[in-house]
file structure-v3.cif (mmCIF, C-alpha atoms and all ligand atoms)
data_my_file
#
loop_
_atom_site.label_atom_id
_atom_site.label_comp_id
_atom_site.auth_asym_id
_atom_site.auth_seq_id
_atom_site.Cartn_x
_atom_site.Cartn_y
_atom_site.Cartn_z
CA MET O 1 -0.02 9.64 -15.27
CA LYS O 2 2.55 7.58 -17.15
CA THR O 3 1.73 3.90 -17.64
CA LEU O 4 4.48 1.29 -17.78
CA THR O 5 3.71 -2.34 -18.59
CA SER O 6 5.93 -5.25 -17.57
CA VAL O 7 5.66 -7.81 -20.33
CA SER O 8 7.16 -11.11 -21.41
CA LEU O 9 5.40 -13.93 -23.21
CA SER O 10 7.19 -16.53 -21.05
CA GLY O 11 6.57 -17.30 -17.39
CA GLY O 12 9.26 -16.91 -14.74
CA GLN O 13 11.12 -14.10 -16.53
CA GLY O 14 10.62 -11.58 -13.71
CA LYS O 15 7.54 -9.51 -14.67
CA SER O 16 5.92 -9.57 -11.22
CA THR O 17 9.22 -9.22 -9.35
CA LEU O 18 10.05 -6.15 -11.43
CA VAL O 19 6.65 -4.54 -10.72
CA TYR O 20 7.05 -5.36 -7.02
CA PHE O 21 10.45 -3.71 -6.47
CA LEU O 22 9.84 -0.82 -8.86
CA SER O 23 6.44 0.06 -7.37
CA ARG O 24 7.79 0.11 -3.81
CA LEU O 25 10.74 2.25 -4.82
CA LEU O 26 8.53 4.78 -6.65
CA ALA O 27 6.18 4.96 -3.66
CA LEU O 28 9.10 5.40 -1.23
CA GLN O 29 10.36 8.28 -3.34
CA GLY O 30 7.00 9.98 -2.98
CA PHE O 31 5.40 9.15 -6.34
CA LYS O 32 1.76 8.21 -6.11
CA THR O 33 1.80 4.82 -7.78
CA LEU O 34 -0.94 2.46 -8.95
CA VAL O 35 -0.24 -1.20 -9.70
CA LEU O 36 -2.62 -3.15 -11.95
CA ASP O 37 -2.72 -6.93 -11.80
CA LEU O 38 -3.79 -8.48 -15.11
CA ASP O 39 -2.57 -11.98 -14.30
CA PRO O 40 -5.20 -14.56 -13.23
CA GLN O 41 -2.45 -16.09 -11.06
CA HIS O 42 -2.47 -12.75 -9.15
CA ASN O 43 1.13 -12.98 -7.94
CA ILE O 44 1.62 -9.22 -7.62
CA SER O 45 -1.61 -8.89 -5.58
CA THR O 46 -0.30 -11.63 -3.28
CA PHE O 47 3.20 -10.08 -3.10
CA LEU O 48 1.65 -6.73 -2.07
CA ARG O 49 -0.74 -8.49 0.32
CA VAL O 50 -4.00 -7.34 -1.19
CA ILE O 51 -6.18 -10.45 -1.46
CA VAL O 52 -9.79 -9.92 -2.52
CA ASN O 53 -12.78 -12.24 -2.45
CA PRO O 54 -14.56 -12.98 -5.75
CA ASP O 55 -17.49 -10.77 -4.70
CA GLU O 56 -15.27 -7.72 -4.10
CA ALA O 57 -14.28 -5.17 -6.75
CA SER O 58 -11.11 -6.10 -8.64
CA ILE O 59 -9.51 -5.57 -12.03
CA PHE O 60 -12.34 -7.42 -13.84
CA GLU O 61 -15.00 -4.99 -12.57
CA PHE O 62 -12.65 -2.11 -13.45
CA LEU O 63 -12.25 -3.45 -17.02
CA LYS O 64 -16.00 -3.92 -17.35
CA GLY O 65 -16.52 -0.31 -16.28
CA GLU O 66 -18.69 -1.33 -13.33
CA THR O 67 -16.28 0.26 -10.86
CA THR O 68 -13.48 2.81 -10.88
CA ILE O 69 -12.21 3.98 -7.51
CA GLU O 70 -13.96 1.11 -5.68
CA SER O 71 -11.43 -1.28 -7.31
CA ILE O 72 -8.44 0.58 -5.90
CA TYR O 73 -6.99 -0.72 -2.63
CA PRO O 74 -4.18 0.85 -0.60
CA VAL O 75 -1.17 -1.43 -0.16
CA PRO O 76 -0.84 -2.07 3.59
CA ASN O 77 1.96 -0.23 5.41
CA LEU O 78 3.19 1.68 2.37
CA ASP O 79 2.23 5.28 1.68
CA ASN O 80 1.62 6.27 -1.96
CA LEU O 81 1.14 2.70 -3.20
CA PHE O 82 -2.21 1.38 -4.45
CA ILE O 83 -3.32 -1.66 -6.40
CA ILE O 84 -6.22 -2.85 -8.49
CA PRO O 85 -5.87 -6.54 -7.67
CA ALA O 86 -6.74 -9.69 -9.58
CA ASP O 87 -8.60 -12.67 -8.18
CA ASP O 88 -9.07 -16.33 -9.12
CA GLY O 89 -11.95 -15.61 -11.48
CA LEU O 90 -10.00 -13.30 -13.79
CA GLU O 91 -9.58 -15.87 -16.60
CA VAL O 92 -13.13 -15.11 -17.82
CA ALA O 93 -12.03 -11.53 -18.53
CA ASN O 94 -10.32 -12.92 -21.66
CA ASP O 95 -13.73 -13.87 -23.11
CA PHE O 96 -15.19 -10.53 -22.07
CA LEU O 97 -12.36 -8.61 -23.78
CA ALA O 98 -12.57 -10.75 -26.94
CA ALA O 99 -16.32 -10.20 -27.17
CA SER O 100 -16.06 -6.46 -26.52
CA GLY O 101 -14.44 -5.81 -29.91
CA MET O 102 -11.72 -3.30 -29.04
CA GLY O 103 -10.34 -5.28 -26.08
CA ILE O 104 -6.88 -3.93 -26.78
CA ILE O 105 -7.80 -0.36 -25.79
CA ARG O 106 -10.27 -1.30 -23.07
CA LEU O 107 -7.86 -0.77 -20.18
CA ARG O 108 -6.52 2.45 -21.66
CA ASN O 109 -10.07 3.85 -21.86
CA GLN O 110 -10.78 2.88 -18.25
CA LEU O 111 -7.53 4.50 -17.08
CA ASN O 112 -8.42 7.67 -18.98
CA LYS O 113 -11.72 7.76 -17.09
CA LEU O 114 -9.83 7.30 -13.82
CA SER O 115 -7.48 10.18 -14.55
CA GLN O 116 -10.51 12.45 -14.95
CA THR O 117 -11.55 11.79 -11.34
CA HIS O 118 -9.92 13.55 -8.40
CA LEU O 119 -7.71 10.48 -8.03
CA ASP O 120 -4.76 10.80 -10.37
CA PHE O 121 -1.48 8.94 -10.05
CA ASP O 122 2.07 9.77 -11.08
CA PHE O 123 2.73 6.28 -12.37
CA CYS O 124 0.72 3.20 -13.20
CA LEU O 125 2.60 -0.12 -13.38
CA VAL O 126 0.88 -3.00 -15.13
CA ASP O 127 1.74 -6.65 -14.48
CA THR O 128 0.71 -9.02 -17.29
CA PRO O 129 0.21 -12.77 -17.70
CA PRO O 130 2.79 -14.80 -19.65
CA GLN O 131 0.69 -15.57 -22.71
CA LYS O 132 -0.44 -13.44 -25.64
CA SER O 133 -3.95 -13.44 -24.17
CA GLN O 134 -6.52 -10.65 -24.32
CA LEU O 135 -5.49 -9.60 -20.80
CA CYS O 136 -1.87 -9.28 -21.88
CA MET O 137 -2.89 -7.35 -25.02
CA THR O 138 -5.04 -4.85 -23.12
CA GLY O 139 -2.07 -4.35 -20.74
CA ILE O 140 0.19 -3.53 -23.67
CA GLY O 141 -2.54 -1.36 -25.22
CA SER O 142 -2.85 0.71 -22.04
CA SER O 143 0.83 1.59 -21.80
CA ASP O 144 2.93 4.58 -22.75
CA TYR O 145 6.05 2.48 -22.22
CA PHE O 146 6.88 -1.17 -21.75
CA VAL O 147 9.73 -2.99 -20.06
CA ILE O 148 10.74 -6.60 -20.75
CA PRO O 149 12.55 -8.67 -18.13
CA ALA O 150 14.47 -11.61 -19.60
CA GLU O 151 16.79 -14.22 -18.16
CA PRO O 152 20.29 -14.01 -19.61
CA GLU O 153 20.24 -17.52 -21.07
CA VAL O 154 19.08 -19.09 -24.32
CA LYS O 155 15.40 -19.34 -23.31
CA GLY O 156 15.36 -15.73 -22.07
CA VAL O 157 16.84 -14.35 -25.29
CA LEU O 158 14.30 -16.29 -27.37
CA SER O 159 11.50 -15.04 -25.17
CA LEU O 160 12.76 -11.45 -25.43
CA ASN O 161 12.80 -11.75 -29.22
CA ARG O 162 9.30 -13.22 -29.31
CA THR O 163 7.97 -10.55 -26.94
CA LEU O 164 9.53 -7.69 -28.94
CA SER O 165 8.00 -9.08 -32.17
CA ALA O 166 4.58 -9.44 -30.54
CA VAL O 167 4.59 -5.85 -29.23
CA ASN O 168 5.85 -4.52 -32.58
CA GLU O 169 3.01 -6.33 -34.31
CA ILE O 170 0.50 -4.72 -31.96
CA VAL O 171 2.03 -1.26 -32.46
CA ALA O 172 1.95 -1.78 -36.25
CA SER O 173 -1.83 -2.18 -36.01
CA GLY O 174 -1.91 1.60 -35.41
CA VAL O 175 -4.16 1.83 -32.35
CA VAL O 176 -1.40 1.39 -29.76
CA HIS O 177 1.56 3.74 -29.32
CA THR O 178 3.66 2.14 -26.60
CA GLN O 179 7.45 2.49 -26.66
CA LEU O 180 10.22 0.29 -25.31
CA LEU O 181 11.66 1.80 -22.11
CA ALA O 182 14.08 -0.89 -20.98
CA ILE O 183 15.15 -4.53 -20.89
CA LEU O 184 16.02 -6.02 -17.51
CA PRO O 185 18.42 -8.99 -17.52
CA PHE O 186 16.82 -10.99 -14.68
CA ARG O 187 18.68 -13.57 -12.53
CA ASP O 188 22.09 -12.78 -13.96
CA LYS O 189 24.55 -15.43 -12.74
CA TRP O 190 27.89 -14.38 -11.28
CA PHE O 191 30.57 -16.51 -9.66
CA GLY O 192 32.49 -14.27 -7.30
CA LEU O 193 33.74 -11.36 -9.38
CA ASN O 194 32.95 -13.02 -12.72
CA ARG O 195 29.76 -13.10 -14.71
CA SER O 196 28.96 -16.59 -15.97
CA ILE O 197 29.89 -17.28 -19.58
CA GLU O 198 26.27 -18.07 -20.44
CA SER O 199 24.98 -14.80 -18.93
CA ALA O 200 27.63 -12.75 -20.71
CA ALA O 201 26.84 -14.39 -24.06
CA ALA O 202 23.10 -13.91 -23.59
CA ILE O 203 23.45 -10.22 -22.68
CA GLU O 204 25.60 -9.80 -25.80
CA GLN O 205 22.78 -11.41 -27.82
CA MET O 206 20.25 -9.07 -26.19
CA SER O 207 22.26 -6.05 -27.30
CA LYS O 208 21.94 -7.30 -30.87
CA LEU O 209 18.14 -7.22 -30.55
CA VAL O 210 17.87 -3.70 -29.05
CA ASP O 211 20.19 -0.73 -28.70
CA SER O 212 22.39 -1.37 -25.66
CA SER O 213 21.17 1.88 -24.05
CA PHE O 214 17.89 0.04 -23.36
CA ILE O 215 19.60 -2.72 -21.36
CA LEU O 216 19.51 -2.00 -17.63
CA PRO O 217 22.18 -3.10 -15.19
CA SER O 218 21.23 -6.70 -14.46
CA PHE O 219 19.31 -8.07 -11.49
CA ARG O 220 21.67 -10.65 -10.07
CA GLU O 221 20.61 -14.16 -9.16
CA SER O 222 20.03 -14.31 -5.42
CA THR O 223 17.73 -15.85 -2.83
CA ILE O 224 17.33 -12.44 -1.13
CA PRO O 225 14.56 -11.00 -3.41
CA LYS O 226 12.23 -13.91 -2.62
CA LYS O 227 12.96 -13.45 1.07
CA ALA O 228 12.37 -9.68 0.81
CA ILE O 229 8.95 -10.30 -0.75
CA SER O 230 7.91 -12.94 1.78
CA THR O 231 9.02 -10.89 4.80
CA ASN O 232 7.89 -7.49 3.46
CA SER O 233 11.43 -6.12 3.78
CA THR O 234 13.53 -4.05 1.41
CA LEU O 235 16.66 -5.41 -0.27
CA ALA O 236 18.65 -2.96 1.88
CA ASP O 237 16.97 -4.29 5.07
CA LEU O 238 18.34 -7.72 4.16
CA GLY O 239 21.85 -6.38 3.64
CA LYS O 240 21.78 -6.30 -0.17
CA PRO O 241 21.17 -2.67 -1.20
CA ASP O 242 23.19 -3.21 -4.40
CA LEU O 243 20.54 -5.56 -5.76
CA ALA O 244 18.15 -2.61 -6.04
CA PHE O 245 20.42 -0.77 -8.51
CA PRO O 246 18.55 -1.79 -11.72
CA PHE O 247 15.27 -0.57 -10.22
CA GLU O 248 16.88 2.71 -9.15
CA GLN O 249 18.02 3.16 -12.76
CA LEU O 250 14.47 2.52 -13.96
CA VAL O 251 13.15 5.15 -11.53
CA THR O 252 15.68 7.61 -12.99
CA LYS O 253 14.43 6.83 -16.51
CA LEU O 254 10.84 7.33 -15.40
CA GLU O 255 11.64 10.60 -13.62
CA THR O 256 13.12 11.93 -16.85
CA LEU O 257 9.88 11.09 -18.65
CA LYS O 258 7.87 12.90 -16.01
CA ASP O 259 10.04 16.00 -16.38
CA GLU O 260 9.62 15.86 -20.17
CA ARG O 261 5.86 15.81 -19.71
CA HIS O 262 6.09 18.69 -17.28
CA LEU O 263 8.17 20.75 -19.71
CA SER O 264 5.80 20.03 -22.57
CA THR O 265 2.85 21.24 -20.46
CA VAL O 266 4.75 24.36 -19.44
CA ARG O 267 5.69 25.32 -22.98
N1 LIG O 301 17.30 -12.02 -8.19
C1 LIG O 301 16.66 -13.20 -8.25
N2 LIG O 301 17.38 -14.35 -8.36
C2 LIG O 301 16.76 -15.55 -8.45
N3 LIG O 301 15.43 -15.72 -8.45
C3 LIG O 301 14.67 -14.62 -8.35
C4 LIG O 301 15.23 -13.31 -8.25
N4 LIG O 301 14.22 -12.43 -8.17
C5 LIG O 301 13.07 -13.13 -8.20
N5 LIG O 301 13.33 -14.45 -8.32
C6 LIG O 301 12.35 -15.56 -8.44
O1 LIG O 301 12.10 -15.78 -9.84
C7 LIG O 301 10.82 -16.37 -10.00
C8 LIG O 301 10.07 -15.80 -11.20
O2 LIG O 301 9.80 -14.44 -11.03
P1 LIG O 301 8.40 -13.75 -11.39
O3 LIG O 301 8.60 -12.30 -11.16
O4 LIG O 301 7.27 -14.41 -10.69
O5 LIG O 301 8.27 -14.03 -12.96
P2 LIG O 301 7.00 -13.79 -13.94
O6 LIG O 301 6.11 -12.78 -13.30
O7 LIG O 301 7.60 -13.31 -15.24
O8 LIG O 301 6.34 -15.12 -14.12
C9 LIG O 301 10.09 -16.17 -8.69
O9 LIG O 301 10.02 -17.44 -8.06
C10 LIG O 301 10.99 -15.24 -7.91
O10 LIG O 301 10.95 -15.47 -6.50
MG MG O 302 4.06 -12.90 -12.86
#
call {"tool": "encode", "arguments": {"input": "structure-v3.cif", "output": "structure tokens", "more": "lines below"}}
Ligand SMILES: Nc1ncnc2c1ncn2[C@@H]1O[C@H](COP(=O)(O)OP(=O)(O)O)[C@@H](O)[C@H]1O
Ligand SMILES: [Mg+2]
result
Amino acid sequence: MKTLTSVSLSGGQGKSTLVYFLSRLLALQGFKTLVLDLDPQHNISTFLRVIVNPDEASIFEFLKGETTIESIYPVPNLDNLFIIPADDGLEVANDFLAASGMGIIRLRNQLNKLSQTHLDFDFCLVDTPPQKSQLCMTGIGSSDYFVIPAEPEVKGVLSLNRTLSAVNEIVASGVVHTQLLAILPFRDKWFGLNRSIESAAAIEQMSKLVDSSFILPSFRESTIPKKAISTNSTLADLGKPDLAFPFEQLVTKLETLKDERHLSTVR
């Protein structure tokens, strides 16, 4: 199982939207995919229509080690897609993780236990909250790779820079080995055939922060993604298959990683 964490220290940059479209695409292509919701606002659980009551197993019980497979719910009407959801009470998990000492590797340890059961997944996608909280840190600590969505505007570039520094700091601590997989310019503004001047300048700035090979084709600003989520449709169903291109590119990157793992096991 390869774990990919969607991370950005600012809200509204596209973390949950990215996990939503990527997870559905992976599942549609036949990859057994597990989504983890580490955000007390539980947007990705809501987007995927898995709402749990406080007395039901969720990500908090999974982190505590009280449950493993009992916390995993199938996403309705979609083969291959599963989620460990969050609920309203998740905020207290920050105190639990802080008190547990090695909170940063807590999720990774729990996922290792899961992969030793009969239930293994091809990919695990982790959605994180927008602050450098314990929940966010354990999400980064669990990952093999991370992806940062960022709006191509001044705030987005600043938030990308801050997020990259925060992850680098965590990696420098030595216990976490995650690697950057990609940056997704999110809500890229175009007017007809032209990209807005602000978007173009911001994407140029982004390519000064990371090698341009990490920058995905952008996710264009549109009202369709919100509609797709609320009506449980695909972007293609709503007549905008092109919008899915950045996520298709991410799937290609992830498939390459899977093949690499396969080759290294064969050798
Ligand atoms: N292509 C798009 N263009 C414009 N808005 C979008 C697009 N895709 C998603 N959104 C909206 O952007 C907002 C923020 O996205 P979200 O994924 O919730 O960010 P985060 O998880 O980082 O807080 C949501 O209201 C979502 O509906
Ligand atoms: Mg979110």
call {"tool": "closest_residue", "arguments": {"input": "structure-v3.cif", "among": "O:Met206, O:Ser133, O:Pro54, O:Thr17", "to": "O:Ile224", "atoms": "all atoms listed in the file"}}
result
O:Thr17
call {"tool": "residues_near_ligand", "arguments": {"input": "structure-v3.cif", "ligand": "ligand MG 302 (chain O)", "cutoff": "7 Å", "atoms": "only C-alpha atoms and all ligand atoms", "output": "list of chain:residue names"}}
result
O:Gly11, O:Gly12, O:Gly14, O:Lys15, O:Ser16, O:Asp39, O:Asn43, O:Ile44, O:Asp127, O:Thr128, O:Pro129
call {"tool": "write_last_selection", "arguments": {"input": "structure-v3.cif", "atoms": "C-alpha atoms", "output": "short mmCIF file (atom, residue, chain, number, x, y, z; two decimals), in the coordinates of the input"}}
result
data_model
loop_
_atom_site.label_atom_id
_atom_site.label_comp_id
_atom_site.auth_asym_id
_atom_site.auth_seq_id
_atom_site.Cartn_x
_atom_site.Cartn_y
_atom_site.Cartn_z
CA GLY O 11 6.57 -17.30 -17.39
CA GLY O 12 9.26 -16.91 -14.74
CA GLY O 14 10.62 -11.58 -13.71
CA LYS O 15 7.54 -9.51 -14.67
CA SER O 16 5.92 -9.57 -11.22
CA ASP O 39 -2.57 -11.98 -14.30
CA ASN O 43 1.13 -12.98 -7.94
CA ILE O 44 1.62 -9.22 -7.62
CA ASP O 127 1.74 -6.65 -14.48
CA THR O 128 0.71 -9.02 -17.29
CA PRO O 129 0.21 -12.77 -17.70
#
call {"tool": "residues_around", "arguments": {"input": "structure-v3.cif", "residues": "O:Pro225", "least_positions_apart": "4", "cutoff": "12 Å", "atoms": "all atoms listed in the file", "output": "ChimeraX atom specification"}}
result
/O:14,16-18,20-21,47,186-187,219-221,229-244
call {"tool": "atom_distance", "arguments": {"input": "structure-v3.cif", "atom1": "atom CA of O:Ser71", "atom2": "atom CA of O:Ser45"}}
result
12.5 Å
call {"tool": "closest_residue", "arguments": {"input": "structure-v3.cif", "among": "O:Ala201, O:Leu9, O:Leu81, O:Ile59", "to": "ligand LIG 301 (chain O)", "atoms": "only C-alpha atoms and all ligand atoms"}}
result
O:Leu9
call {"tool": "closest_residue", "arguments": {"input": "structure-v3.cif", "among": "O:Val126, O:Ala166, O:Leu26, O:Val171", "to": "ligand LIG 301 (chain O)", "atoms": "only C-alpha atoms and all ligand atoms"}}
result
O:Val126
call {"tool": "closest_residue", "arguments": {"input": "structure-v3.cif", "among": "O:Leu125, O:Met1, O:Val7, O:Val147", "to": "O:Arg24", "atoms": "only C-alpha atoms"}}
result
O:Leu125
call {"tool": "closest_residue", "arguments": {"input": "structure-v3.cif", "among": "O:Leu28, O:Ala98, O:Cys124, O:Leu164", "to": "O:Ser8", "atoms": "all atoms listed in the file"}}
result
O:Leu164
call {"tool": "atom_distance", "arguments": {"input": "structure-v3.cif", "atom1": "atom CA of O:Lys208", "atom2": "atom CA of O:Thr163"}}
result
14.9 Å
call {"tool": "residues_around", "arguments": {"input": "structure-v3.cif", "residues": "O:Trp190", "least_positions_apart": "3", "cutoff": "12 Å", "atoms": "all atoms listed in the file", "output": "PyMOL selection string"}}
result
chain O and resi 152+187+193-200+218-222
call {"tool": "atom_distance", "arguments": {"input": "structure-v3.cif", "atom1": "atom CA of O:Leu34", "atom2": "atom CA of O:Pro74"}}
result
9.1 Å
call {"tool": "closest_residue", "arguments": {"input": "structure-v3.cif", "among": "O:Leu135, O:Leu38, O:Leu209, O:Leu181", "to": "O:Ser165", "atoms": "all atoms listed in the file"}}
result
O:Leu209
call {"tool": "residues_around", "arguments": {"input": "structure-v3.cif", "residues": "O:Ile51", "least_positions_apart": "4", "cutoff": "9 Å", "atoms": "only C-alpha atoms", "output": "NGL selection string"}}
result
:O and (42 or 45-46 or 85-87)
call {"tool": "residues_around", "arguments": {"input": "structure-v3.cif", "residues": "O:Ala93", "least_positions_apart": "2", "cutoff": "12 Å", "atoms": "only C-alpha atoms", "output": "PDB file with C-alpha atoms, keeping the file's coordinate frame"}}
result
ATOM      1  CA  LEU O  38      -3.790  -8.480 -15.110  1.00  0.00           C
ATOM      2  CA  ASP O  39      -2.570 -11.980 -14.300  1.00  0.00           C
ATOM      3  CA  PRO O  40      -5.200 -14.560 -13.230  1.00  0.00           C
ATOM      4  CA  SER O  58     -11.110  -6.100  -8.640  1.00  0.00           C
ATOM      5  CA  ILE O  59      -9.510  -5.570 -12.030  1.00  0.00           C
ATOM      6  CA  PHE O  60     -12.340  -7.420 -13.840  1.00  0.00           C
ATOM      7  CA  GLU O  61     -15.000  -4.990 -12.570  1.00  0.00           C
ATOM      8  CA  PHE O  62     -12.650  -2.110 -13.450  1.00  0.00           C
ATOM      9  CA  LEU O  63     -12.250  -3.450 -17.020  1.00  0.00           C
ATOM     10  CA  LYS O  64     -16.000  -3.920 -17.350  1.00  0.00           C
ATOM     11  CA  ALA O  86      -6.740  -9.690  -9.580  1.00  0.00           C
ATOM     12  CA  ASP O  87      -8.600 -12.670  -8.180  1.00  0.00           C
ATOM     13  CA  ASP O  88      -9.070 -16.330  -9.120  1.00  0.00           C
ATOM     14  CA  GLY O  89     -11.950 -15.610 -11.480  1.00  0.00           C
ATOM     15  CA  LEU O  90     -10.000 -13.300 -13.790  1.00  0.00           C
ATOM     16  CA  GLU O  91      -9.580 -15.870 -16.600  1.00  0.00           C
ATOM     17  CA  ASP O  95     -13.730 -13.870 -23.110  1.00  0.00           C
ATOM     18  CA  PHE O  96     -15.190 -10.530 -22.070  1.00  0.00           C
ATOM     19  CA  LEU O  97     -12.360  -8.610 -23.780  1.00  0.00           C
ATOM     20  CA  ALA O  98     -12.570 -10.750 -26.940  1.00  0.00           C
ATOM     21  CA  ALA O  99     -16.320 -10.200 -27.170  1.00  0.00           C
ATOM     22  CA  SER O 100     -16.060  -6.460 -26.520  1.00  0.00           C
ATOM     23  CA  GLY O 103     -10.340  -5.280 -26.080  1.00  0.00           C
ATOM     24  CA  ARG O 106     -10.270  -1.300 -23.070  1.00  0.00           C
ATOM     25  CA  LEU O 107      -7.860  -0.770 -20.180  1.00  0.00           C
ATOM     26  CA  SER O 133      -3.950 -13.440 -24.170  1.00  0.00           C
ATOM     27  CA  GLN O 134      -6.520 -10.650 -24.320  1.00  0.00           C
ATOM     28  CA  LEU O 135      -5.490  -9.600 -20.800  1.00  0.00           C
ATOM     29  CA  CYS O 136      -1.870  -9.280 -21.880  1.00  0.00           C
ATOM     30  CA  MET O 137      -2.890  -7.350 -25.020  1.00  0.00           C
ATOM     31  CA  THR O 138      -5.040  -4.850 -23.120  1.00  0.00           C
TER      32      THR O 138
END
call {"tool": "axis_aligned_box", "arguments": {"input": "structure-v3.cif", "around": "ligand LIG 301 (chain O)", "padding_each_side": "3 Å", "output": "lines of an AutoDock Vina configuration file"}}
result
center_x = 11.7
center_y = -14.7
center_z = -10.9
size_x = 17.3
size_y = 11.4
size_z = 14.7
call {"tool": "residues_around", "arguments": {"input": "structure-v3.cif", "residues": "stretch 114-122 of chain O", "least_positions_apart": "5", "cutoff": "9 Å", "atoms": "only C-alpha atoms", "output": "VMD selection string"}}
result
chain O and resid 1 to 3 31 to 34 68 to 69 109 258
call {"tool": "build_atoms", "arguments": {"input": "structure-v3.cif", "residues": "stretch 44-60 of chain O", "atoms": "N, CA and C atoms", "output": "tab-separated table (two decimals), in the coordinates of the input"}}
result
chain	number	residue	atom	x	y	z
O	44	ILE	N	1.26	-10.54	-8.15
O	44	ILE	CA	1.62	-9.22	-7.62
O	44	ILE	C	0.63	-8.80	-6.52
O	45	SER	N	-0.64	-9.19	-6.65
O	45	SER	CA	-1.61	-8.89	-5.58
O	45	SER	C	-1.18	-9.61	-4.30
O	46	THR	N	-0.75	-10.86	-4.45
O	46	THR	CA	-0.30	-11.63	-3.28
O	46	THR	C	0.98	-11.03	-2.70
O	47	PHE	N	1.93	-10.67	-3.58
O	47	PHE	CA	3.20	-10.08	-3.10
O	47	PHE	C	2.91	-8.81	-2.28
O	48	LEU	N	1.94	-8.01	-2.75
O	48	LEU	CA	1.65	-6.73	-2.07
O	48	LEU	C	0.57	-6.89	-0.99
O	49	ARG	N	0.17	-8.13	-0.78
O	49	ARG	CA	-0.74	-8.49	0.32
O	49	ARG	C	-2.11	-7.84	0.22
O	50	VAL	N	-2.62	-7.79	-1.01
O	50	VAL	CA	-4.00	-7.34	-1.19
O	50	VAL	C	-4.76	-8.50	-1.84
O	51	ILE	N	-5.47	-9.25	-1.01
O	51	ILE	CA	-6.18	-10.45	-1.46
O	51	ILE	C	-7.67	-10.13	-1.41
O	52	VAL	N	-8.36	-10.24	-2.54
O	52	VAL	CA	-9.79	-9.92	-2.52
O	52	VAL	C	-10.63	-11.17	-2.76
O	53	ASN	N	-11.84	-11.15	-2.20
O	53	ASN	CA	-12.78	-12.24	-2.45
O	53	ASN	C	-13.43	-12.02	-3.81
O	54	PRO	N	-13.94	-13.12	-4.42
O	54	PRO	CA	-14.56	-12.98	-5.75
O	54	PRO	C	-15.70	-11.95	-5.80
O	55	ASP	N	-16.38	-11.72	-4.66
O	55	ASP	CA	-17.49	-10.77	-4.70
O	55	ASP	C	-17.05	-9.32	-4.47
O	56	GLU	N	-15.76	-9.10	-4.29
O	56	GLU	CA	-15.27	-7.72	-4.10
O	56	GLU	C	-14.75	-7.16	-5.43
O	57	ALA	N	-14.72	-5.82	-5.51
O	57	ALA	CA	-14.28	-5.17	-6.75
O	57	ALA	C	-12.81	-5.48	-7.01
O	58	SER	N	-12.50	-5.79	-8.26
O	58	SER	CA	-11.11	-6.10	-8.64
O	58	SER	C	-10.90	-5.61	-10.07
O	59	ILE	N	-9.84	-6.06	-10.68
O	59	ILE	CA	-9.51	-5.57	-12.03
O	59	ILE	C	-10.60	-5.93	-13.06
O	60	PHE	N	-11.31	-7.04	-12.87
O	60	PHE	CA	-12.34	-7.42	-13.84
O	60	PHE	C	-13.47	-6.38	-13.85
